[in-house]
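Engineer: First, the structure itself, so that you have it in front of you.
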Amino acid sequence: MLYLMHEARNLMLAPVRMAAEATKMACENPLHPFSYMPNRSAISAGCEMFERTTRTYAKPAFDLPAPERVVWEKPFCRVLAFGDDTTKPKMLLVAPMSGHYATLLRGTVAAFVDTHQLFITDWTNAREVPLSQGAFALSDYIDYCIEIFEALGPDLHVTAVCQPSVPAIAAIARMEEDGNPLAPLSATLIGGPIDTRHAPTAVNTMARDKGIRWFETNCIQRVPGAHPGAGRAVYPGFLQLIGFMSMNPERHAGSHWDMFDHLVQGDGDSAEKHRRFYDEYLAVMDLTAEFYLETVSKVFIDHSLPKGELMHHGRAIDLGAIRRCSLMAVEGEKDDITGIGQTRAVLDLATNLPGEKKTYHLQADAGHYGIFNGSRFRAEIVPKIVAFMEASTAGSHGHDVAAIVPWEARSDRFRIGHPHPLRVEHPSSEHRWHAGLATHRGGRTAKSPGAEKRSVTERPARAS
């Protein structure tokens, strides 16, 4: 019912938004009498602010100089590659599926796209996926990660930002446990809720205090009939957006008042910065109910992964199985979403990974957004991630498989006795492989000058 009310509100406001846009255009057109009114700037600014605060924002574009292409696709996700096939180190950004689109990582992509062959997971708005495509839960997310890692491997470096840290590291642990040679060389987890018992934030305490039944009752809606996914149970993006903005209501209100002032004063540059930020921030997507509820329950309430109780097709995920994939944890000193220690916990949980393969970085004066975007991220965090990946490549052994081959030719040998429900739900004909992925990409990055002489003090610090 709430989703229907939201849709009805958008339809009812559509004519008013059109009128506001027409009035704004009239106030800015020197051939129209409105442009000579004494308060034309304030009227024009007010019309724009009304239109922007009542519209539904479409999925943004990456809009980067490097061309995009789809290299892997299934109903709930596709993988985008930027630029042409090269011999640069391969890096996959696992984008959050937590309400915003993958374009939220535009700055993260831009920081690596010149130095790496870059890929990113582009998750599908759940309301656009028909019910006939089945459910999508946390185990399915892990399955998708495994398939993508295999498709892009070997010698793949994975970077997971925030929420996907849990399924991404679970997928790596499962691949290592199964002896899969296509497991990633390294994984960088940025602000991920691996163990939310450490320094719990408002997000963590809300999940603990409310309980899963509250989320089932108050957060789950059915997609209305106007969308391809009509009837699917989802956690609507507009509810997630309310949650985002309610964490800092004064800041968002102040930012909108500032934009109004900029528009009245004719400060176009400042107003354009506001437009760019909120065009991204206010564009949200729906999540499948099963994935959302399992994430809240298993990650934020039950702490299943650090307890060794996270199940994947009847088998517990054991981070102790990770023995080859180098791990880096990045946290922000002022992160109010993922508290200090929640991401670093992965280094302690990977008990069988040698200390020289573990790296930890705490970024001073950085909040949640600042550890994967912005000037401080580019200047201080990116060089450390690049150095970590170079060290992982230089010290890797046993990743000699060079050809990238389809799922059907390799995956069964790693899952003997463990049926894969996605393969039943989505037949092999639905896998779409870009022609570039069939080519041989055996080039390996050479060791950086002086790598052999790196001192002990220059090596990543072992997590305590």
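Naming works like this for the structure tokens: A, B, ... for the chains as they're shown, residue 1 at the start of each chain, ligands 1 onward in shown order.
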May I have the residues within 8 Å of range 217-230 of chain A as a list in words, using only C-alpha atoms and disregarding those fewer than 3 positions away in the same chain?
Structural biologist: Met1, Leu2, Tyr3, Leu4, Ala126, Arg127, Glu128, Val129, Pro130, Leu131, Arg213, Trp214, Ala233, Val234, Tyr235, Pro236, Leu239 and Ala289 of chain A
Engineer: For the residues in the current selection, export all heavy atoms as a compact mmCIF listing (two decimals), in the first residue's frame.
Structural biologist:
```
# COMPACT_ATOMS: atom_id res chain seq x y z
N MET A 1 0.81 -1.20 0.00
CA MET A 1 0.00 0.00 0.00
C MET A 1 0.86 1.27 0.00
O MET A 1 0.56 2.24 -0.69
CB MET A 1 -0.94 0.00 1.21
CG MET A 1 -1.86 1.21 1.29
SD MET A 1 -2.96 1.36 -0.14
CE MET A 1 -4.04 -0.03 0.17
N LEU A 2 1.95 1.25 0.78
CA LEU A 2 2.81 2.42 0.84
C LEU A 2 3.46 2.72 -0.50
O LEU A 2 3.59 3.88 -0.90
CB LEU A 2 3.88 2.20 1.92
CG LEU A 2 4.75 3.41 2.28
CD1 LEU A 2 3.88 4.55 2.81
CD2 LEU A 2 5.80 3.02 3.31
N TYR A 3 3.84 1.66 -1.21
CA TYR A 3 4.44 1.84 -2.54
C TYR A 3 3.41 2.45 -3.50
O TYR A 3 3.72 3.36 -4.28
CB TYR A 3 4.93 0.50 -3.07
CG TYR A 3 6.12 0.58 -4.00
CD1 TYR A 3 7.18 -0.32 -3.88
CD2 TYR A 3 6.20 1.54 -4.99
CE1 TYR A 3 8.28 -0.26 -4.72
CE2 TYR A 3 7.30 1.62 -5.83
CZ TYR A 3 8.33 0.71 -5.69
OH TYR A 3 9.42 0.79 -6.53
N LEU A 4 2.17 1.98 -3.42
CA LEU A 4 1.12 2.54 -4.26
C LEU A 4 0.88 4.02 -3.95
O LEU A 4 0.68 4.83 -4.86
CB LEU A 4 -0.17 1.74 -4.07
CG LEU A 4 -0.25 0.37 -4.74
CD1 LEU A 4 -1.51 -0.38 -4.30
CD2 LEU A 4 -0.24 0.52 -6.26
N ALA A 126 15.52 -3.89 -8.44
CA ALA A 126 14.70 -5.10 -8.27
C ALA A 126 13.31 -4.96 -8.88
O ALA A 126 12.71 -5.95 -9.30
CB ALA A 126 14.58 -5.45 -6.79
N ARG A 127 12.81 -3.75 -8.94
CA ARG A 127 11.46 -3.58 -9.52
C ARG A 127 11.46 -3.76 -11.03
O ARG A 127 10.40 -3.84 -11.66
CB ARG A 127 10.91 -2.21 -9.16
CG ARG A 127 11.50 -1.03 -9.90
CD ARG A 127 10.85 0.26 -9.46
NE ARG A 127 11.28 1.40 -10.25
CZ ARG A 127 10.89 2.65 -10.03
NH1 ARG A 127 10.08 2.91 -9.01
NH2 ARG A 127 11.30 3.63 -10.80
N GLU A 128 12.65 -3.85 -11.64
CA GLU A 128 12.75 -4.07 -13.07
C GLU A 128 12.95 -5.54 -13.43
O GLU A 128 13.03 -5.88 -14.60
CB GLU A 128 13.92 -3.25 -13.64
CG GLU A 128 13.83 -1.75 -13.37
CD GLU A 128 12.58 -1.13 -13.96
OE1 GLU A 128 12.18 -1.54 -15.07
OE2 GLU A 128 12.00 -0.24 -13.31
N VAL A 129 13.03 -6.42 -12.43
CA VAL A 129 13.26 -7.84 -12.69
C VAL A 129 11.94 -8.60 -12.51
O VAL A 129 11.39 -8.63 -11.41
CB VAL A 129 14.32 -8.41 -11.73
CG1 VAL A 129 14.59 -9.88 -12.07
CG2 VAL A 129 15.60 -7.60 -11.80
N PRO A 130 11.42 -9.22 -13.56
CA PRO A 130 10.15 -9.94 -13.45
C PRO A 130 10.21 -11.06 -12.41
O PRO A 130 11.26 -11.65 -12.16
CB PRO A 130 9.95 -10.51 -14.86
CG PRO A 130 10.78 -9.65 -15.74
CD PRO A 130 11.95 -9.24 -14.93
N LEU A 131 9.05 -11.37 -11.83
CA LEU A 131 8.97 -12.44 -10.85
C LEU A 131 9.41 -13.78 -11.42
O LEU A 131 9.90 -14.65 -10.69
CB LEU A 131 7.53 -12.55 -10.35
CG LEU A 131 7.13 -11.64 -9.17
CD1 LEU A 131 5.62 -11.77 -8.91
CD2 LEU A 131 7.92 -12.00 -7.93
N ARG A 213 11.66 -8.78 12.86
CA ARG A 213 10.22 -8.72 12.62
C ARG A 213 9.78 -7.30 12.31
O ARG A 213 8.86 -7.07 11.51
CB ARG A 213 9.45 -9.26 13.83
CG ARG A 213 9.71 -10.73 14.12
CD ARG A 213 9.34 -11.60 12.94
NE ARG A 213 9.66 -13.00 13.19
CZ ARG A 213 9.68 -13.93 12.24
NH1 ARG A 213 9.41 -13.60 11.00
NH2 ARG A 213 9.98 -15.18 12.54
N TRP A 214 10.40 -6.32 12.96
CA TRP A 214 10.04 -4.93 12.71
C TRP A 214 10.35 -4.56 11.26
O TRP A 214 9.56 -3.88 10.59
CB TRP A 214 10.83 -4.02 13.65
CG TRP A 214 10.46 -2.56 13.52
CD1 TRP A 214 9.49 -1.90 14.20
CD2 TRP A 214 11.05 -1.60 12.63
NE1 TRP A 214 9.45 -0.59 13.80
CE2 TRP A 214 10.39 -0.37 12.83
CE3 TRP A 214 12.07 -1.66 11.68
CZ2 TRP A 214 10.72 0.78 12.14
CZ3 TRP A 214 12.40 -0.51 10.97
CH2 TRP A 214 11.73 0.68 11.21
N ALA A 233 8.30 -8.73 -3.84
CA ALA A 233 8.49 -8.14 -2.52
C ALA A 233 9.86 -7.47 -2.48
O ALA A 233 10.87 -8.11 -2.77
CB ALA A 233 8.38 -9.19 -1.43
N VAL A 234 9.88 -6.18 -2.13
CA VAL A 234 11.12 -5.41 -2.16
C VAL A 234 11.22 -4.50 -0.94
O VAL A 234 10.23 -4.22 -0.25
CB VAL A 234 11.22 -4.54 -3.43
CG1 VAL A 234 11.23 -5.40 -4.68
CG2 VAL A 234 10.09 -3.51 -3.49
N TYR A 235 12.44 -4.06 -0.70
CA TYR A 235 12.68 -2.93 0.20
C TYR A 235 12.83 -1.72 -0.71
O TYR A 235 13.83 -1.58 -1.40
CB TYR A 235 13.94 -3.16 1.03
CG TYR A 235 14.32 -1.98 1.91
CD1 TYR A 235 13.37 -1.30 2.66
CD2 TYR A 235 15.64 -1.55 2.00
CE1 TYR A 235 13.72 -0.24 3.47
CE2 TYR A 235 15.99 -0.50 2.81
CZ TYR A 235 15.03 0.16 3.54
OH TYR A 235 15.38 1.22 4.34
N PRO A 236 11.82 -0.84 -0.79
CA PRO A 236 11.82 0.24 -1.78
C PRO A 236 12.97 1.23 -1.58
O PRO A 236 13.36 1.55 -0.45
CB PRO A 236 10.47 0.92 -1.56
CG PRO A 236 9.64 -0.07 -0.82
CD PRO A 236 10.60 -0.84 0.02
N LEU A 239 12.23 4.34 0.60
CA LEU A 239 12.33 4.16 2.05
C LEU A 239 13.80 4.20 2.49
O LEU A 239 14.12 4.77 3.54
CB LEU A 239 11.71 2.83 2.47
CG LEU A 239 10.19 2.75 2.48
CD1 LEU A 239 9.74 1.38 2.98
CD2 LEU A 239 9.60 3.85 3.36
N ALA A 289 13.37 -8.31 -1.20
CA ALA A 289 13.06 -8.44 0.22
C ALA A 289 13.93 -9.51 0.87
O ALA A 289 14.43 -9.32 1.99
CB ALA A 289 11.58 -8.77 0.41
```
Engineer: Apply DSSP to the backbone of this structure and, from range 203-425 of chain A, keep only the residues in strand (DSSP E); write these as a PyMOL selection string.
Structural biologist: chain A and resi 221-222+233-235+287-288+311-312+315-316+326-332+358-363
Engineer: Write the residues you've just listed into a file as a compact mmCIF listing (two decimals), in the first residue's frame, and include N, CA and C atoms for each of them.
Structural biologist:
```
# COMPACT_ATOMS: atom_id res chain seq x y z
N GLN A 221 7.59 -3.97 0.84
CA GLN A 221 6.43 -3.59 0.03
C GLN A 221 6.41 -4.43 -1.25
N ARG A 222 5.25 -4.41 -1.92
CA ARG A 222 5.12 -5.09 -3.21
C ARG A 222 5.23 -4.08 -4.33
N ALA A 233 8.30 -8.73 -3.84
CA ALA A 233 8.49 -8.14 -2.52
C ALA A 233 9.86 -7.47 -2.48
N VAL A 234 9.88 -6.18 -2.13
CA VAL A 234 11.12 -5.41 -2.16
C VAL A 234 11.22 -4.50 -0.94
N TYR A 235 12.44 -4.06 -0.70
CA TYR A 235 12.68 -2.93 0.20
C TYR A 235 12.83 -1.72 -0.71
N LEU A 287 15.58 -3.08 -3.46
CA LEU A 287 16.30 -4.31 -3.17
C LEU A 287 15.30 -5.44 -2.97
N THR A 288 15.64 -6.65 -3.37
CA THR A 288 14.74 -7.77 -3.12
C THR A 288 14.57 -7.96 -1.61
N MET A 311 25.66 -19.53 6.40
CA MET A 311 25.49 -20.71 5.57
C MET A 311 25.35 -20.35 4.10
N HIS A 312 25.94 -21.17 3.25
CA HIS A 312 25.85 -21.00 1.80
C HIS A 312 25.60 -22.36 1.19
N ARG A 315 26.44 -25.19 3.64
CA ARG A 315 27.81 -25.25 4.14
C ARG A 315 28.17 -23.92 4.80
N ALA A 316 28.83 -23.99 5.94
CA ALA A 316 29.22 -22.78 6.66
C ALA A 316 30.42 -22.13 5.97
N SER A 326 45.43 -12.29 -0.79
CA SER A 326 45.87 -11.22 0.12
C SER A 326 44.69 -10.34 0.49
N LEU A 327 44.67 -9.86 1.72
CA LEU A 327 43.54 -9.07 2.21
C LEU A 327 44.00 -7.71 2.71
N MET A 328 43.24 -6.69 2.37
CA MET A 328 43.47 -5.33 2.87
C MET A 328 42.16 -4.79 3.41
N ALA A 329 42.21 -4.20 4.59
CA ALA A 329 41.03 -3.58 5.20
C ALA A 329 41.28 -2.09 5.31
N VAL A 330 40.32 -1.29 4.82
CA VAL A 330 40.42 0.17 4.87
C VAL A 330 39.25 0.71 5.69
N GLU A 331 39.55 1.54 6.68
CA GLU A 331 38.53 2.13 7.53
C GLU A 331 38.75 3.63 7.65
N GLY A 332 37.69 4.33 8.02
CA GLY A 332 37.76 5.77 8.20
C GLY A 332 37.63 6.14 9.67
N LYS A 358 48.44 -9.61 4.85
CA LYS A 358 47.39 -8.81 5.48
C LYS A 358 47.83 -7.35 5.60
N THR A 359 46.95 -6.45 5.22
CA THR A 359 47.25 -5.02 5.28
C THR A 359 46.08 -4.28 5.89
N TYR A 360 46.38 -3.31 6.72
CA TYR A 360 45.32 -2.50 7.34
C TYR A 360 45.66 -1.02 7.19
N HIS A 361 44.65 -0.23 6.87
CA HIS A 361 44.83 1.22 6.78
C HIS A 361 43.65 1.93 7.41
N LEU A 362 43.94 2.79 8.38
CA LEU A 362 42.93 3.65 9.00
C LEU A 362 43.18 5.06 8.49
N GLN A 363 42.20 5.60 7.75
CA GLN A 363 42.35 6.92 7.17
C GLN A 363 41.92 7.99 8.16
```
Engineer: When distances are computed from only C-alpha atoms, which of A:Leu104, A:Ile212, A:Ala26, A:Ile194 shows the smallest separation from Arg276 in chain A?
Structural biologist: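 Among A:Leu104, A:Ile212, A:Ala26, A:Ile194, it is A:Leu104 that comes nearest to Arg276 in chain A.
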Engineer: What does the distance between CA of Tyr36 in chain A and CA of Gly268 in chain A come to in Å, to one decimal place?
Structural biologist: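 That distance, rounded to one decimal, is 19.7 Å.
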Engineer: Extract, using only C-alpha atoms, all DNA, RNA and protein residues at most 7 Å from Cys162 in chain A, discarding same-chain residues fewer than 2 positions from it, and format them as a list in words.
Structural biologist: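 Once the nearby chain positions are removed, what remains is Pro96, Ala160, Pro164, Ser165, Ile190, Gly191, Gly192 and Pro193 of chain A.
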Engineer: Those residues you just picked out, can you put them in a file as a compact mmCIF listing (two decimals), in the first residue's frame with N, CA, C and O atoms?
Structural biologist:
```txt
# COMPACT_ATOMS: atom_id res chain seq x y z
N PRO A 96 28.13 -1.47 -3.91
CA PRO A 96 27.09 -1.80 -2.93
C PRO A 96 25.74 -2.01 -3.60
O PRO A 96 25.40 -1.34 -4.58
N ALA A 160 35.83 -4.39 -2.66
CA ALA A 160 34.43 -4.32 -2.27
C ALA A 160 34.22 -3.12 -1.37
O ALA A 160 34.96 -2.93 -0.39
N PRO A 164 28.95 -4.95 0.15
CA PRO A 164 29.35 -6.21 -0.50
C PRO A 164 30.59 -6.85 0.08
O PRO A 164 30.99 -7.93 -0.38
N SER A 165 31.21 -6.24 1.08
CA SER A 165 32.38 -6.86 1.69
C SER A 165 32.05 -8.24 2.23
O SER A 165 32.87 -9.17 2.13
N ILE A 190 36.61 -2.05 1.84
CA ILE A 190 36.56 -0.64 2.25
C ILE A 190 35.29 -0.40 3.04
O ILE A 190 34.18 -0.49 2.51
N GLY A 191 35.44 -0.11 4.32
CA GLY A 191 34.28 0.22 5.16
C GLY A 191 33.22 -0.86 5.15
O GLY A 191 32.03 -0.55 5.09
N GLY A 192 33.62 -2.13 5.26
CA GLY A 192 32.66 -3.23 5.19
C GLY A 192 32.25 -3.74 6.56
O GLY A 192 33.08 -3.83 7.46
N PRO A 193 30.98 -4.11 6.74
CA PRO A 193 30.49 -4.57 8.05
C PRO A 193 30.77 -6.05 8.30
O PRO A 193 29.85 -6.85 8.45
```
Engineer: Choose the residue, out of A:Thr205, A:Leu182, A:His198, A:Ile317, that has the smallest atom-to-atom separation from Ile142 in chain A; count only C-alpha atoms.
Structural biologist: A:Ile317
Engineer: Compile the contact shell of Ile322 in chain A as a PyMOL selection string: residues with an atom at most 12 Å away, counting only C-alpha atoms, same-chain residues fewer than 4 positions apart removed.
Structural biologist: chain A and resi 169-180+183-187+317-318+326-327+346-354+357-358
Engineer: Counting only C-alpha atoms, which residue out of A:Val296, A:Ile120, A:Ala14, A:Met91 sits closest to Trp72 in chain A?
Structural biologist: A:Ile120
Engineer: Near range 73-86 of chain A, counting only C-alpha atoms, which residues have an atom at most 6 Å away, once you skip same-chain residues fewer than 5 positions from it, shown as a short mmCIF file (atom, residue, chain, number, x, y, z; two decimals) with N, CA and C atoms, in the first residue's frame?
Structural biologist:
```
data_model
loop_
_atom_site.label_atom_id
_atom_site.label_comp_id
_atom_site.auth_asym_id
_atom_site.auth_seq_id
_atom_site.Cartn_x
_atom_site.Cartn_y
_atom_site.Cartn_z
N ALA A 66 36.38 6.93 -20.51
CA ALA A 66 36.58 5.57 -21.01
C ALA A 66 35.25 4.97 -21.45
N PRO A 67 35.18 4.34 -22.61
CA PRO A 67 33.93 3.72 -23.07
C PRO A 67 33.53 2.54 -22.20
N GLU A 68 32.23 2.31 -22.08
CA GLU A 68 31.70 1.21 -21.28
C GLU A 68 31.26 0.06 -22.18
N LEU A 118 39.56 -2.11 -15.61
CA LEU A 118 38.60 -1.96 -14.54
C LEU A 118 37.22 -2.50 -14.90
N PHE A 119 36.62 -3.22 -13.93
CA PHE A 119 35.28 -3.76 -14.06
C PHE A 119 34.48 -3.32 -12.83
N ILE A 120 33.16 -3.27 -12.97
CA ILE A 120 32.31 -2.93 -11.83
C ILE A 120 30.99 -3.68 -11.94
N THR A 121 30.47 -4.10 -10.80
CA THR A 121 29.15 -4.74 -10.77
C THR A 121 28.07 -3.68 -10.83
N ASP A 122 27.18 -3.80 -11.78
CA ASP A 122 26.09 -2.85 -11.97
C ASP A 122 24.79 -3.58 -11.63
N TRP A 123 24.35 -3.46 -10.37
CA TRP A 123 23.18 -4.20 -9.89
C TRP A 123 21.90 -3.64 -10.47
N THR A 124 20.94 -4.51 -10.69
CA THR A 124 19.67 -4.14 -11.32
C THR A 124 18.65 -3.72 -10.27
N ARG A 432 25.59 -13.96 -20.90
CA ARG A 432 26.00 -13.18 -22.06
C ARG A 432 27.47 -12.81 -21.87
#
```
Engineer: What is the distance between CA of Ala366 in chain A and CA of Asp63 in chain A, in Å to one decimal?
Structural biologist: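 Separating CA of Ala366 in chain A from CA of Asp63 in chain A is a distance of 26.0 Å.
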